[in-house]
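> Could you have a look at this structure, given as structure tokens, before my questions?
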Amino acid sequence: MMKKIAVLNEFSIEAVRDALQKLDDFPKLIVNGLNAYQLNEIESIDPILFGAIGKRIADGRWFPEVGTWCGEKGKISEANLIKNILYSALYFKDKFGKKFRVFHGETVYNNALAQIVYAAEFDACYIKDEKEAVWLDSADDSRVLVGGALDVVDINDIDDDFINANEFGSIEDEVIGLYSQPLDLKTVRLGYEISVPTETESLLLEAEKLAVQNGDKINEELGNLWLGLFVGDDVKEDAEKLIGGRSFDDKMLTVDSDEVELVEMKYAEDESGDVVIRLKETAGKEKTLFVMCDALNAGFRCQILPYELQTFRIDKDGFVTEIFITE
């Protein structure tokens, strides 16, 4: 019998309390739901309730939606998707000390979705609108399993008899469990199209690069602006203030190919002073690169595949390590 997936669809204090009460009453019940934004809101409104959810997350009885910050959907740029995943992952690591294996999303339109999800160390995807399990391939040949066709029910709509009559599971376990089955699935191959950042996203990326160039430790301020952007706040003016009419010196970091672009340069989120850079191949050609940054006392060679996005971390001694997006 396929396990039921009990999902919290209504975001309200009353609905959360009802779900928690059912978890208390039925030891075999599992609840799925709440993204980083929603949990952050609950903590600010009712810390005790937030603590009760945290206990259930720790117990493996409540599985949150780890992916984008607030269930982003629709067309989204690579920069925005990467930032959403970064801040969501950091939130769950900081608040719950746990790393989750499945990326949760609504319908997300970005041709780099598979490679970004892979680069963020997720093992698979769950996209709510998908009706079947498929392999999703990006143009750089990154591949991710997208789970679908789960038997989903609303936790607030089910009664005692229904709970007693069924077995429940988590989205994470059910999607990862597909790997233990014969996977004769169709493949959906995404094309290559550069998703240009919006004007405000570009301003925030520029502010991050300027912070590195000028030694400004403003990660917290920049992070708050990104979170504001995710929830629909107009942060353009604040981003412009951080830039202050300055321009980033493109010669600060050089790449010996005009077909590879510097997507991002920023300080690492852990306040170590390390610098993170992201490079993307844009012409569909595999190549060996030499990257040089005199200001960071760093120079290194790397291989980059067609349309691949790579992330590197440079420490104060100029030592370079290739890393995942969430590190």
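Please note that chains go A, B, ... in the order of the structure tokens, that every chain numbers its residues from 1, and that ligands are numbered from 1 in the order shown.
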Can you pull out the residues contacting stretch 146-155 of chain A? Cut-off 6 Å, using only C-alpha atoms, and skip same-chain residues under 6 positions away; I want them as a list in words.
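Those residues are Lys4, Ile5, Ala6, Val7, Leu8, Cys125, Tyr126, Glu130, Lys131, Glu132, Ala133, Val134 and Val175 of chain A.
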> Output the selection as a compact mmCIF listing (two decimals), in the first residue's frame - all heavy atoms for each residue.

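result_22.txt, freshly written:
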# COMPACT_ATOMS: atom_id res chain seq x y z
N LYS A 4 0.50 7.39 2.58
CA LYS A 4 -0.11 8.71 2.43
C LYS A 4 0.90 9.78 2.83
O LYS A 4 1.69 9.60 3.75
CB LYS A 4 -1.35 8.84 3.31
CG LYS A 4 -2.44 7.80 3.06
CD LYS A 4 -3.10 7.99 1.72
CE LYS A 4 -4.25 6.99 1.54
NZ LYS A 4 -4.88 7.12 0.20
N ILE A 5 0.85 10.89 2.15
CA ILE A 5 1.72 12.03 2.46
C ILE A 5 0.84 13.14 3.02
O ILE A 5 0.09 13.79 2.29
CB ILE A 5 2.47 12.53 1.21
CG1 ILE A 5 3.25 11.38 0.56
CG2 ILE A 5 3.38 13.68 1.57
CD1 ILE A 5 4.34 10.81 1.44
N ALA A 6 0.89 13.32 4.33
CA ALA A 6 0.08 14.35 4.99
C ALA A 6 0.80 15.68 4.93
O ALA A 6 1.90 15.83 5.47
CB ALA A 6 -0.19 13.96 6.44
N VAL A 7 0.20 16.65 4.25
CA VAL A 7 0.83 17.94 3.99
C VAL A 7 0.04 19.06 4.65
O VAL A 7 -1.20 19.06 4.63
CB VAL A 7 0.93 18.19 2.47
CG1 VAL A 7 1.48 19.58 2.19
CG2 VAL A 7 1.82 17.15 1.82
N LEU A 8 0.75 19.99 5.25
CA LEU A 8 0.11 21.18 5.82
C LEU A 8 -0.03 22.21 4.70
O LEU A 8 0.95 22.81 4.27
CB LEU A 8 0.96 21.75 6.96
CG LEU A 8 0.41 23.00 7.63
CD1 LEU A 8 -0.80 22.65 8.49
CD2 LEU A 8 1.47 23.67 8.49
N CYS A 125 14.61 15.93 -6.29
CA CYS A 125 13.68 17.07 -6.28
C CYS A 125 12.26 16.60 -6.01
O CYS A 125 11.89 15.48 -6.37
CB CYS A 125 13.67 17.76 -7.65
SG CYS A 125 14.74 19.17 -7.82
N TYR A 126 11.47 17.47 -5.42
CA TYR A 126 10.03 17.26 -5.40
C TYR A 126 9.38 18.57 -5.84
O TYR A 126 9.50 19.59 -5.15
CB TYR A 126 9.53 16.87 -4.00
CG TYR A 126 8.02 16.76 -3.94
CD1 TYR A 126 7.37 15.70 -4.57
CD2 TYR A 126 7.25 17.71 -3.29
CE1 TYR A 126 5.99 15.60 -4.55
CE2 TYR A 126 5.87 17.61 -3.27
CZ TYR A 126 5.23 16.56 -3.89
OH TYR A 126 3.87 16.47 -3.88
N GLU A 130 4.35 18.37 -10.47
CA GLU A 130 4.71 17.23 -11.30
C GLU A 130 3.78 16.04 -11.00
O GLU A 130 3.59 15.68 -9.85
CB GLU A 130 6.16 16.82 -11.06
CG GLU A 130 7.18 17.77 -11.67
CD GLU A 130 7.14 17.78 -13.18
OE1 GLU A 130 6.80 16.74 -13.79
OE2 GLU A 130 7.44 18.85 -13.76
N LYS A 131 3.25 15.45 -12.05
CA LYS A 131 2.30 14.34 -11.89
C LYS A 131 2.95 12.97 -11.97
O LYS A 131 2.32 11.94 -11.70
CB LYS A 131 1.21 14.44 -12.96
CG LYS A 131 0.46 15.77 -12.97
CD LYS A 131 -0.17 16.07 -11.62
CE LYS A 131 -0.93 17.39 -11.65
NZ LYS A 131 -1.44 17.78 -10.32
N GLU A 132 4.24 12.93 -12.35
CA GLU A 132 4.94 11.65 -12.44
C GLU A 132 6.42 11.87 -12.15
O GLU A 132 6.91 13.00 -12.18
CB GLU A 132 4.77 11.04 -13.83
CG GLU A 132 5.31 11.92 -14.95
CD GLU A 132 5.14 11.28 -16.32
OE1 GLU A 132 5.15 10.03 -16.39
OE2 GLU A 132 4.99 12.02 -17.30
N ALA A 133 7.11 10.78 -11.84
CA ALA A 133 8.54 10.86 -11.60
C ALA A 133 9.28 10.89 -12.94
O ALA A 133 8.95 10.14 -13.86
CB ALA A 133 9.00 9.67 -10.77
N VAL A 134 10.27 11.78 -13.05
CA VAL A 134 11.04 11.91 -14.29
C VAL A 134 12.50 12.20 -13.95
O VAL A 134 12.82 12.62 -12.83
CB VAL A 134 10.50 13.05 -15.19
CG1 VAL A 134 9.07 12.80 -15.60
CG2 VAL A 134 10.63 14.40 -14.49
N VAL A 175 10.52 10.04 -2.05
CA VAL A 175 11.26 10.39 -3.27
C VAL A 175 12.61 9.68 -3.31
O VAL A 175 12.99 9.11 -4.33
CB VAL A 175 11.43 11.93 -3.37
CG1 VAL A 175 12.36 12.28 -4.54
CG2 VAL A 175 10.07 12.60 -3.56
> Residues of stretch 61-114 of chain A that approach stretch 20-43 of chain A to 9 Å or less, counting only C-alpha atoms: could you list each one with the shortest pair of atoms and its distance in Å to one decimal, rows by chain and increasing residue number, as a tab-separated table?

residue	atom	partner	partner_atom	distance
A:Arg61	CA	A:Ile30	CA	4.8
A:Trp62	CA	A:Val31	CA	4.8
A:Phe63	CA	A:Asn32	CA	4.7
A:Pro64	CA	A:Gly33	CA	4.7
A:Glu65	CA	A:Asn35	CA	4.6
A:Val66	CA	A:Asn35	CA	6.1
A:Gly67	CA	A:Asn35	CA	7.8
A:Thr68	CA	A:Asn35	CA	7.7
A:Trp69	CA	A:Ala36	CA	5.3
A:Cys70	CA	A:Tyr37	CA	5.1
A:Gly71	CA	A:Asn35	CA	6.9
A:Tyr87	CA	A:Ala36	CA	8.6
A:Ser88	CA	A:Ala36	CA	5.8
A:Ala89	CA	A:Ala36	CA	8.6
A:Tyr91	CA	A:Ala36	CA	6.7
A:Phe92	CA	A:Ala36	CA	7.3
A:His104	CA	A:Asn35	CA	8.9
> Compile the contact shell of A:Ile304 as a ChimeraX atom specification: residues with an atom at most 10 Å away, counting only C-alpha atoms, same-chain residues fewer than 5 positions apart removed.
/A:140,260,279-281,285-289,309-310
> How many Å separate atom CA of A:Gly177 from atom CA of A:Ala119?
21.1 Å
> Within 7 Å of A:Glu78, counting only C-alpha atoms, which residues show up once you throw out same-chain ones fewer than 2 positions away? Write them as a ChimeraX atom specification, please.
/A:76,80-82,112,195
> For A:Val144, which residue out of A:Ala207, A:Ile194, A:Leu90, A:Val188 is the nearest one, using only C-alpha atoms?
A:Val188
> Stretch 246-250 of chain A: which residues within 12 Å, counting only C-alpha atoms, same-chain residues fewer than 6 positions away excluded, as a ChimeraX atom specification?
/A:203,205-214,239-240,261-262,264-265,292-293,295
> Enumerate as an MDAnalysis selection string all residues of stretch 78-210 of chain A assigned to strand (DSSP E) by DSSP on the backbone, naming them with the chain letters and numbers the document uses.
chainID A and resid 102:105 108:109 124:127 134:137 143:147 151:154 187:189
> Grab the residues selected above and save them as a JSON list (two decimals), in the first residue's frame with N, CA, C and O atoms.

[["chain", "number", "residue", "atom", "x", "y", "z"],
["A", 102, "VAL", "N", 16.15, 16.33, -0.13],
["A", 102, "VAL", "CA", 15.25, 16.58, -1.26],
["A", 102, "VAL", "C", 14.92, 18.07, -1.37],
["A", 102, "VAL", "O", 14.50, 18.69, -0.39],
["A", 103, "PHE", "N", 15.12, 18.62, -2.55],
["A", 103, "PHE", "CA", 14.76, 20.01, -2.84],
["A", 103, "PHE", "C", 13.26, 20.08, -3.08],
["A", 103, "PHE", "O", 12.71, 19.36, -3.91],
["A", 104, "HIS", "N", 12.58, 20.97, -2.35],
["A", 104, "HIS", "CA", 11.14, 21.17, -2.52],
["A", 104, "HIS", "C", 10.90, 22.46, -3.30],
["A", 104, "HIS", "O", 11.54, 23.48, -3.06],
["A", 105, "GLY", "N", 9.97, 22.41, -4.22],
["A", 105, "GLY", "CA", 9.63, 23.61, -4.94],
["A", 105, "GLY", "C", 8.22, 23.56, -5.50],
["A", 105, "GLY", "O", 7.58, 22.50, -5.54],
["A", 108, "VAL", "N", 9.05, 25.65, -10.85],
["A", 108, "VAL", "CA", 10.19, 26.55, -11.01],
["A", 108, "VAL", "C", 10.69, 26.45, -12.44],
["A", 108, "VAL", "O", 11.06, 25.37, -12.89],
["A", 109, "TYR", "N", 10.68, 27.57, -13.15],
["A", 109, "TYR", "CA", 11.14, 27.57, -14.53],
["A", 109, "TYR", "C", 12.55, 28.16, -14.62],
["A", 109, "TYR", "O", 12.74, 29.36, -14.54],
["A", 124, "ALA", "N", 17.70, 14.74, -4.79],
["A", 124, "ALA", "CA", 16.53, 14.63, -5.66],
["A", 124, "ALA", "C", 15.66, 15.87, -5.49],
["A", 124, "ALA", "O", 15.94, 16.72, -4.64],
["A", 125, "CYS", "N", 14.61, 15.93, -6.29],
["A", 125, "CYS", "CA", 13.68, 17.07, -6.28],
["A", 125, "CYS", "C", 12.26, 16.60, -6.01],
["A", 125, "CYS", "O", 11.89, 15.48, -6.37],
["A", 126, "TYR", "N", 11.47, 17.47, -5.42],
["A", 126, "TYR", "CA", 10.03, 17.26, -5.40],
["A", 126, "TYR", "C", 9.38, 18.57, -5.84],
["A", 126, "TYR", "O", 9.50, 19.59, -5.15],
["A", 127, "ILE", "N", 8.76, 18.54, -7.00],
["A", 127, "ILE", "CA", 8.07, 19.71, -7.53],
["A", 127, "ILE", "C", 6.58, 19.43, -7.44],
["A", 127, "ILE", "O", 6.07, 18.46, -8.01],
["A", 134, "VAL", "N", 10.27, 11.78, -13.05],
["A", 134, "VAL", "CA", 11.04, 11.91, -14.29],
["A", 134, "VAL", "C", 12.50, 12.20, -13.95],
["A", 134, "VAL", "O", 12.82, 12.62, -12.83],
["A", 135, "TRP", "N", 13.38, 11.95, -14.91],
["A", 135, "TRP", "CA", 14.74, 12.45, -14.84],
["A", 135, "TRP", "C", 14.75, 13.84, -15.48],
["A", 135, "TRP", "O", 14.22, 14.02, -16.57],
["A", 136, "LEU", "N", 15.37, 14.80, -14.80],
["A", 136, "LEU", "CA", 15.48, 16.14, -15.33],
["A", 136, "LEU", "C", 16.96, 16.41, -15.62],
["A", 136, "LEU", "O", 17.81, 16.34, -14.74],
["A", 137, "ASP", "N", 17.25, 16.72, -16.89],
["A", 137, "ASP", "CA", 18.63, 16.95, -17.32],
["A", 137, "ASP", "C", 18.83, 18.40, -17.71],
["A", 137, "ASP", "O", 18.01, 18.97, -18.44],
["A", 143, "ARG", "N", 22.07, 15.83, -13.87],
["A", 143, "ARG", "CA", 20.81, 15.08, -13.85],
["A", 143, "ARG", "C", 20.29, 15.00, -12.43],
["A", 143, "ARG", "O", 21.04, 14.79, -11.48],
["A", 144, "VAL", "N", 18.96, 15.18, -12.28],
["A", 144, "VAL", "CA", 18.35, 15.05, -10.96],
["A", 144, "VAL", "C", 17.02, 14.32, -11.12],
["A", 144, "VAL", "O", 16.31, 14.48, -12.12],
["A", 145, "LEU", "N", 16.72, 13.48, -10.15],
["A", 145, "LEU", "CA", 15.44, 12.77, -10.12],
["A", 145, "LEU", "C", 14.37, 13.68, -9.54],
["A", 145, "LEU", "O", 14.56, 14.27, -8.47],
["A", 146, "VAL", "N", 13.26, 13.80, -10.26],
["A", 146, "VAL", "CA", 12.13, 14.59, -9.77],
["A", 146, "VAL", "C", 11.01, 13.62, -9.41],
["A", 146, "VAL", "O", 10.49, 12.90, -10.26],
["A", 147, "GLY", "N", 10.66, 13.57, -8.13],
["A", 147, "GLY", "CA", 9.61, 12.68, -7.68],
["A", 147, "GLY", "C", 8.23, 13.26, -7.96],
["A", 147, "GLY", "O", 8.04, 14.47, -7.92],
["A", 151, "ASP", "N", 0.77, 10.24, -3.05],
["A", 151, "ASP", "CA", -0.61, 10.24, -2.57],
["A", 151, "ASP", "C", -0.74, 11.26, -1.44],
["A", 151, "ASP", "O", -0.56, 10.94, -0.26],
["A", 152, "VAL", "N", -1.02, 12.50, -1.82],
["A", 152, "VAL", "CA", -0.98, 13.62, -0.88],
["A", 152, "VAL", "C", -2.37, 13.91, -0.31],
["A", 152, "VAL", "O", -3.37, 13.93, -1.05],
["A", 153, "VAL", "N", -2.43, 14.12, 1.01],
["A", 153, "VAL", "CA", -3.67, 14.52, 1.68],
["A", 153, "VAL", "C", -3.37, 15.73, 2.57],
["A", 153, "VAL", "O", -2.24, 15.94, 2.99],
["A", 154, "ASP", "N", -4.39, 16.51, 2.82],
["A", 154, "ASP", "CA", -4.26, 17.69, 3.68],
["A", 154, "ASP", "C", -4.39, 17.26, 5.14],
["A", 154, "ASP", "O", -5.41, 16.68, 5.53],
["A", 187, "THR", "N", 12.97, 10.98, -19.64],
["A", 187, "THR", "CA", 13.91, 12.06, -19.36],
["A", 187, "THR", "C", 13.40, 13.35, -19.97],
["A", 187, "THR", "O", 13.00, 13.38, -21.14],
["A", 188, "VAL", "N", 13.39, 14.39, -19.18],
["A", 188, "VAL", "CA", 13.05, 15.72, -19.67],
["A", 188, "VAL", "C", 14.36, 16.51, -19.75],
["A", 188, "VAL", "O", 15.00, 16.75, -18.73],
["A", 189, "ARG", "N", 14.76, 16.86, -20.96],
["A", 189, "ARG", "CA", 16.02, 17.57, -21.14],
["A", 189, "ARG", "C", 15.74, 19.05, -21.32],
["A", 189, "ARG", "O", 15.01, 19.45, -22.23]]
